[in-house]
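**Student:** Sharing protein_16.txt (compact mmCIF, C-alpha atoms) below.
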# COMPACT_ATOMS: atom_id res chain seq x y z
CA MET A 150 4.75 -23.49 -14.55
CA LEU A 151 4.45 -22.65 -10.86
CA SER A 152 3.46 -25.62 -8.70
CA LYS A 153 1.21 -25.26 -5.68
CA LYS A 154 4.16 -26.08 -3.42
CA LYS A 155 6.22 -23.29 -4.93
CA LEU A 156 3.29 -20.88 -4.71
CA LEU A 157 2.98 -21.79 -1.03
CA LEU A 158 6.71 -21.20 -0.53
CA LEU A 159 6.60 -17.85 -2.30
CA SER A 160 3.54 -16.85 -0.28
CA THR A 161 5.33 -17.82 2.92
CA LEU A 162 8.31 -15.70 1.95
CA PHE A 163 6.08 -12.70 1.27
CA PHE A 164 4.39 -13.32 4.62
CA ILE A 165 7.81 -13.13 6.30
CA SER A 166 8.52 -9.95 4.34
CA GLY A 167 5.36 -8.40 5.75
CA MET A 168 6.31 -9.46 9.28
CA SER A 169 9.72 -7.82 8.93
CA GLY A 170 8.20 -4.62 7.57
CA LEU A 171 5.94 -4.00 10.55
CA THR A 172 8.62 -5.14 12.97
CA TYR A 173 10.73 -2.32 11.58
CA GLN A 174 7.90 0.17 11.89
CA VAL A 175 7.33 -0.59 15.58
CA ALA A 176 11.05 -0.80 16.38
CA TRP A 177 11.98 2.37 14.49
CA GLN A 178 9.25 4.31 16.26
CA ARG A 179 10.78 3.25 19.58
CA ALA A 180 14.27 4.09 18.29
CA LEU A 181 13.22 7.59 17.24
CA TYR A 182 11.69 8.09 20.65
CA SER A 183 14.96 7.01 22.25
CA ALA A 184 16.94 9.36 20.02
CA PHE A 185 14.72 12.43 20.21
CA GLY A 186 12.48 11.90 23.22
CA SER A 187 9.17 12.77 21.58
CA ASP A 188 6.77 9.88 21.19
CA VAL A 189 4.10 11.80 19.29
CA ASP A 190 6.60 13.15 16.79
CA SER A 191 8.28 9.78 16.27
CA VAL A 192 4.93 8.13 15.56
CA ALA A 193 4.05 10.86 13.06
CA ILE A 194 7.41 10.52 11.31
CA ILE A 195 7.23 6.74 11.06
CA VAL A 196 3.62 6.56 9.87
CA SER A 197 4.13 9.36 7.32
CA ALA A 198 7.35 7.85 5.98
CA PHE A 199 5.82 4.39 5.72
CA MET A 200 2.71 5.56 3.91
CA LEU A 201 4.62 7.75 1.46
CA GLY A 202 7.39 5.20 0.97
CA LEU A 203 5.01 2.33 0.32
CA GLY A 204 3.04 4.40 -2.16
CA LEU A 205 6.00 5.83 -4.07
CA GLY A 206 7.83 2.52 -3.91
CA ALA A 207 4.86 0.69 -5.40
CA LEU A 208 4.61 3.29 -8.17
CA GLY A 209 8.31 3.22 -8.95
CA GLY A 210 8.66 -0.53 -8.61
CA GLY A 211 5.70 -1.07 -10.92
CA ARG A 212 7.16 1.17 -13.61
CA ILE A 213 10.60 -0.43 -13.44
CA VAL A 214 9.33 -3.99 -13.55
CA ASP A 215 7.00 -3.14 -16.43
CA LYS A 216 10.09 -2.28 -18.47
CA TYR A 217 11.99 -5.39 -17.41
CA PRO A 218 9.40 -8.08 -16.54
CA ASN A 219 11.90 -10.90 -17.00
CA LYS A 220 13.99 -9.41 -14.17
CA ALA A 221 11.09 -9.31 -11.69
CA LEU A 222 12.50 -11.96 -9.37
CA GLN A 223 15.93 -10.32 -9.32
CA PHE A 224 14.35 -6.96 -8.50
CA PHE A 225 12.37 -8.56 -5.69
CA CYS A 226 15.46 -10.20 -4.19
CA PHE A 227 17.43 -6.96 -4.53
CA SER A 228 14.69 -5.04 -2.73
CA GLU A 229 14.50 -7.54 0.12
CA PHE A 230 18.28 -7.62 0.47
CA GLY A 231 18.45 -3.82 0.47
CA ILE A 232 15.81 -3.60 3.20
CA GLY A 233 17.77 -6.13 5.23
CA LEU A 234 21.03 -4.21 4.87
CA PHE A 235 19.38 -1.03 6.12
CA GLY A 236 17.72 -2.98 8.92
CA LEU A 237 21.06 -4.25 10.18
CA ILE A 238 22.40 -0.75 10.75
CA SER A 239 19.12 1.06 11.35
CA TYR A 240 19.17 1.27 15.15
CA PRO A 241 22.72 2.61 15.59
CA LEU A 242 22.20 4.83 12.54
CA ILE A 243 19.07 6.41 14.02
CA LEU A 244 20.89 7.02 17.30
CA PHE A 245 23.86 8.49 15.43
CA ILE A 246 21.63 10.84 13.45
CA GLY A 247 19.89 11.73 16.69
CA ASP A 248 23.18 12.74 18.30
CA ILE A 249 23.96 15.02 15.36
CA PHE A 250 20.61 16.69 14.93
CA ILE A 251 19.26 16.76 18.48
CA VAL A 252 20.31 20.41 18.81
CA TYR A 253 18.28 21.44 15.76
CA ASN A 254 14.67 22.51 15.84
CA LEU A 255 11.81 20.05 15.51
CA ALA A 256 11.23 20.76 11.81
CA VAL A 257 14.80 19.85 10.86
CA VAL A 258 14.75 16.73 13.04
CA ALA A 259 11.46 15.61 11.49
CA VAL A 260 12.68 16.09 7.91
CA VAL A 261 15.99 14.30 8.51
CA ASN A 262 14.37 11.27 10.13
CA PHE A 263 11.56 11.23 7.61
CA LEU A 264 14.08 11.00 4.75
CA LEU A 265 16.13 8.41 6.65
CA VAL A 266 13.22 6.02 7.13
CA LEU A 267 11.83 6.76 3.66
CA VAL A 268 14.71 4.94 1.93
CA PRO A 269 13.89 1.38 3.06
CA THR A 270 10.14 1.95 2.85
CA LEU A 271 10.51 2.72 -0.86
CA LEU A 272 11.99 -0.74 -1.30
CA MET A 273 9.20 -2.25 0.81
CA GLY A 274 6.58 -0.61 -1.37
CA ALA A 275 8.25 -1.87 -4.53
CA THR A 276 8.08 -5.54 -3.53
CA LEU A 277 4.33 -5.98 -4.13
CA PRO A 278 4.08 -4.85 -7.79
CA ILE A 279 7.36 -6.60 -8.56
CA LEU A 280 6.15 -9.91 -7.13
CA ILE A 281 2.78 -9.50 -8.85
CA THR A 282 4.58 -9.15 -12.16
CA TYR A 283 6.63 -12.25 -11.45
CA ILE A 284 3.65 -14.46 -10.52
CA ALA A 285 1.57 -13.03 -13.36
CA GLN A 286 3.96 -14.77 -15.74
CA PHE A 287 2.54 -18.04 -14.43
CA TRP A 288 -0.90 -17.04 -13.12
CA LYS A 289 -2.67 -14.87 -15.66
CA ASN A 290 -5.53 -13.66 -13.45
CA ILE A 291 -4.05 -10.37 -12.22
CA GLY A 292 -6.91 -9.72 -9.82
CA GLN A 293 -6.43 -13.02 -8.01
CA THR A 294 -2.65 -12.59 -8.02
CA THR A 295 -2.86 -9.10 -6.50
CA GLY A 296 -5.47 -10.06 -3.93
CA HIS A 297 -3.57 -13.17 -2.88
CA LEU A 298 -0.23 -11.40 -2.39
CA TYR A 299 -1.72 -8.34 -0.71
CA ALA A 300 -3.66 -10.48 1.76
CA ILE A 301 -0.62 -12.63 2.59
CA ASN A 302 1.63 -9.61 3.08
CA THR A 303 -0.94 -7.74 5.18
CA PHE A 304 -1.54 -10.76 7.40
CA GLY A 305 2.22 -11.08 7.89
CA ALA A 306 2.42 -7.40 8.78
CA ALA A 307 -0.30 -7.78 11.42
CA ILE A 308 1.44 -10.78 12.95
CA GLY A 309 4.76 -8.94 12.88
CA ALA A 310 3.38 -5.92 14.70
CA ALA A 311 1.73 -8.05 17.39
CA LEU A 312 4.76 -10.31 17.79
CA THR A 313 7.09 -7.34 18.14
CA GLY A 314 5.00 -5.39 20.61
CA PHE A 315 3.89 -8.24 22.85
CA ILE A 316 6.75 -10.75 22.67
CA LEU A 317 10.03 -9.58 21.14
CA PHE A 318 10.28 -6.39 23.18
CA ASN A 319 9.89 -8.45 26.34
CA TYR A 320 13.02 -10.46 25.59
CA PHE A 321 15.22 -8.39 23.27
CA GLY A 322 16.49 -4.86 22.87
CA LEU A 323 15.72 -2.65 19.88
CA ASN A 324 18.97 -3.45 18.09
CA VAL A 325 18.38 -7.20 18.31
CA VAL A 326 14.78 -6.82 17.14
CA THR A 327 15.81 -4.89 14.03
CA ILE A 328 18.53 -7.46 13.32
CA LEU A 329 15.95 -10.26 13.55
CA ALA A 330 13.76 -8.38 11.08
CA ALA A 331 16.76 -7.97 8.77
CA LEU A 332 17.45 -11.70 8.95
CA GLY A 333 13.89 -12.23 7.78
CA ASN A 334 14.58 -10.09 4.71
CA PHE A 335 17.81 -11.95 3.97
CA ILE A 336 16.05 -15.30 4.26
CA VAL A 337 13.36 -14.13 1.85
CA ALA A 338 15.91 -12.83 -0.68
CA ILE A 339 18.13 -15.90 -0.55
CA LEU A 340 15.38 -18.53 -0.69
CA ALA A 341 13.47 -16.69 -3.42
CA TYR A 342 16.60 -16.55 -5.56
CA LEU A 343 17.58 -20.17 -4.91
CA PHE A 344 14.16 -21.70 -5.57
CA PHE A 345 12.73 -19.42 -8.25
CA ASN A 346 15.57 -17.85 -10.24
CA LYS A 347 15.67 -20.66 -12.79
CA ALA A 348 11.96 -21.40 -12.85
CA GLN A 349 10.76 -22.05 -16.37
CA ILE A 350 7.94 -19.79 -17.46
CA LYS A 351 4.98 -21.52 -19.02
CA LYS A 352 1.89 -19.43 -19.53
CA VAL A 353 -1.28 -20.80 -18.00
CA ASP A 354 -4.71 -19.26 -17.68
CA ASN A 355 -6.16 -18.40 -14.28
CA LYS A 356 -4.61 -21.18 -12.25
CA ILE A 357 -1.58 -22.59 -10.54
CA VAL A 358 -1.04 -26.33 -11.07
Take the structure from the file and write it as structure tokens.

**Tutor:**
Amino acid sequence: MLSKKKLLLLSTLFFISGMSGLTYQVAWQRALYSAFGSDVDSVAIIVSAFMLGLGLGALGGGRIVDKYPNKALQFFCFSEFGIGLFGLISYPLILFIGDIFIVYNLAVVAVVNFLLVLVPTLLMGATLPILITYIAQFWKNIGQTTGHLYAINTFGAAIGAALTGFILFNYFGLNVVTILAALGNFIVAILAYLFFNKAQIKKVDNKIV
């Protein structure tokens, strides 16, 4: 049975996950601009990759966790850890790819960077259906579960975007900002595994106690 304290902790972790996700989006857009010098193109690449990645990731994550619902928490931690690993190397990697492909035409550059950013966004998209499946083992109202997690994650994303644009960029460089976002993912993965991996599942109807 999931206590209210543990639900609050899990919600906080998903809030942090949302913050990291939009921190990446803002930082990667700046990084692509630094690498290729086209702000309009970098925005288009980032937004397109995020939208497609979140959608495909949610679809794929939902199908995988439906087959292995008892592994939902492990899948969630794996996804967060994978996002964090990419985040750690993302800034130098984008610059490295930029050095290689800067001589190519815009279409090639766009495709390469689109695919590069698509990888972590697939994992980001997978986290929501995976976490819904995990909480649904305790909280049987799927509508409330989905609405609760989506709202928490979206609010975290909004805070992350504002924090990055108005505060973090005033004090830190792009590489440090992406590393901070990665640390957020690592914290989420580690704490979720430590506090919830051995949680005993007891089915309850429509409530957390």

**Student:** Taking into account all atoms listed in the file, which residue in the set A:Ile279, A:Leu272, A:Asn290, A:Ile308 is nearest to Tyr217 (chain A)?

**Tutor:**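 Ranking A:Ile279, A:Leu272, A:Asn290, A:Ile308 by distance to Tyr217 (chain A), first place goes to A:Ile279.
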
**Student:** From the set A:Leu203, A:Ala221, A:Ile194, A:Leu171, which residue has the shortest atom-to-atom contact distance to Leu280 (chain A), counting all atoms listed in the file?

**Tutor:**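 Result for the nearest residue to Leu280 (chain A): A:Ala221.
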
**Student:** When distances are computed from all atoms listed in the file, which of A:Leu323, A:Leu343, A:Ala180, A:Leu201 shows the smallest separation from Leu159 (chain A)?

**Tutor:**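 Ranked by minimum distance to Leu159 (chain A), first place goes to A:Leu343.
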
**Student:** When you look at Ala259 (chain A) with a cut-off of 12 Å (counting all atoms listed in the file), what residues show up, excluding the ones that are within fewer than 2 positions of it in the same chain? I need them as an NGL selection string.

**Tutor:** :A and (181-182 or 184-185 or 187 or 189-195 or 197-198 or 246-247 or 250-251 or 253-257 or 261-267)

**Student:** In terms of the shortest atom-to-atom distance over all atoms listed in the file, which of A:Leu156, A:Ile281, A:Ile243, A:Ala341 is closest to Arg179 (chain A)?

**Tutor:**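 Closest to Arg179 (chain A), using all atoms listed in the file: A:Ile243.
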
**Student:** For each of A:Leu157, A:Leu208, A:Val214, A:Leu242, take the minimum atom-to-atom distance to Ala285 (chain A), counting all atoms listed in the file, then give the residue where this is smallest.

**Tutor:**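 With all atoms listed in the file as the atom set, the closest residue is A:Val214.
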
**Student:** List every protein, DNA or RNA residue with an atom no more than 10 Å from (7.6, -7.0, 6.3) in the file's coordinates, counting all atoms listed in the file, and format the result as a ChimeraX atom specification.

**Tutor:** /A:162-174,229,232,270,273,276,302-310,330-331,333-334

**Student:** What gap, in Å, lies between CA of Phe225 (chain A) and CA of Tyr240 (chain A)?

**Tutor:** 24.0 Å

**Student:** Closest to Phe199 (chain A) among A:Thr327, A:Ser160, A:Gln178, A:Gln286, using only C-alpha atoms?

**Tutor:**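 Nearest to Phe199 (chain A): A:Gln178.
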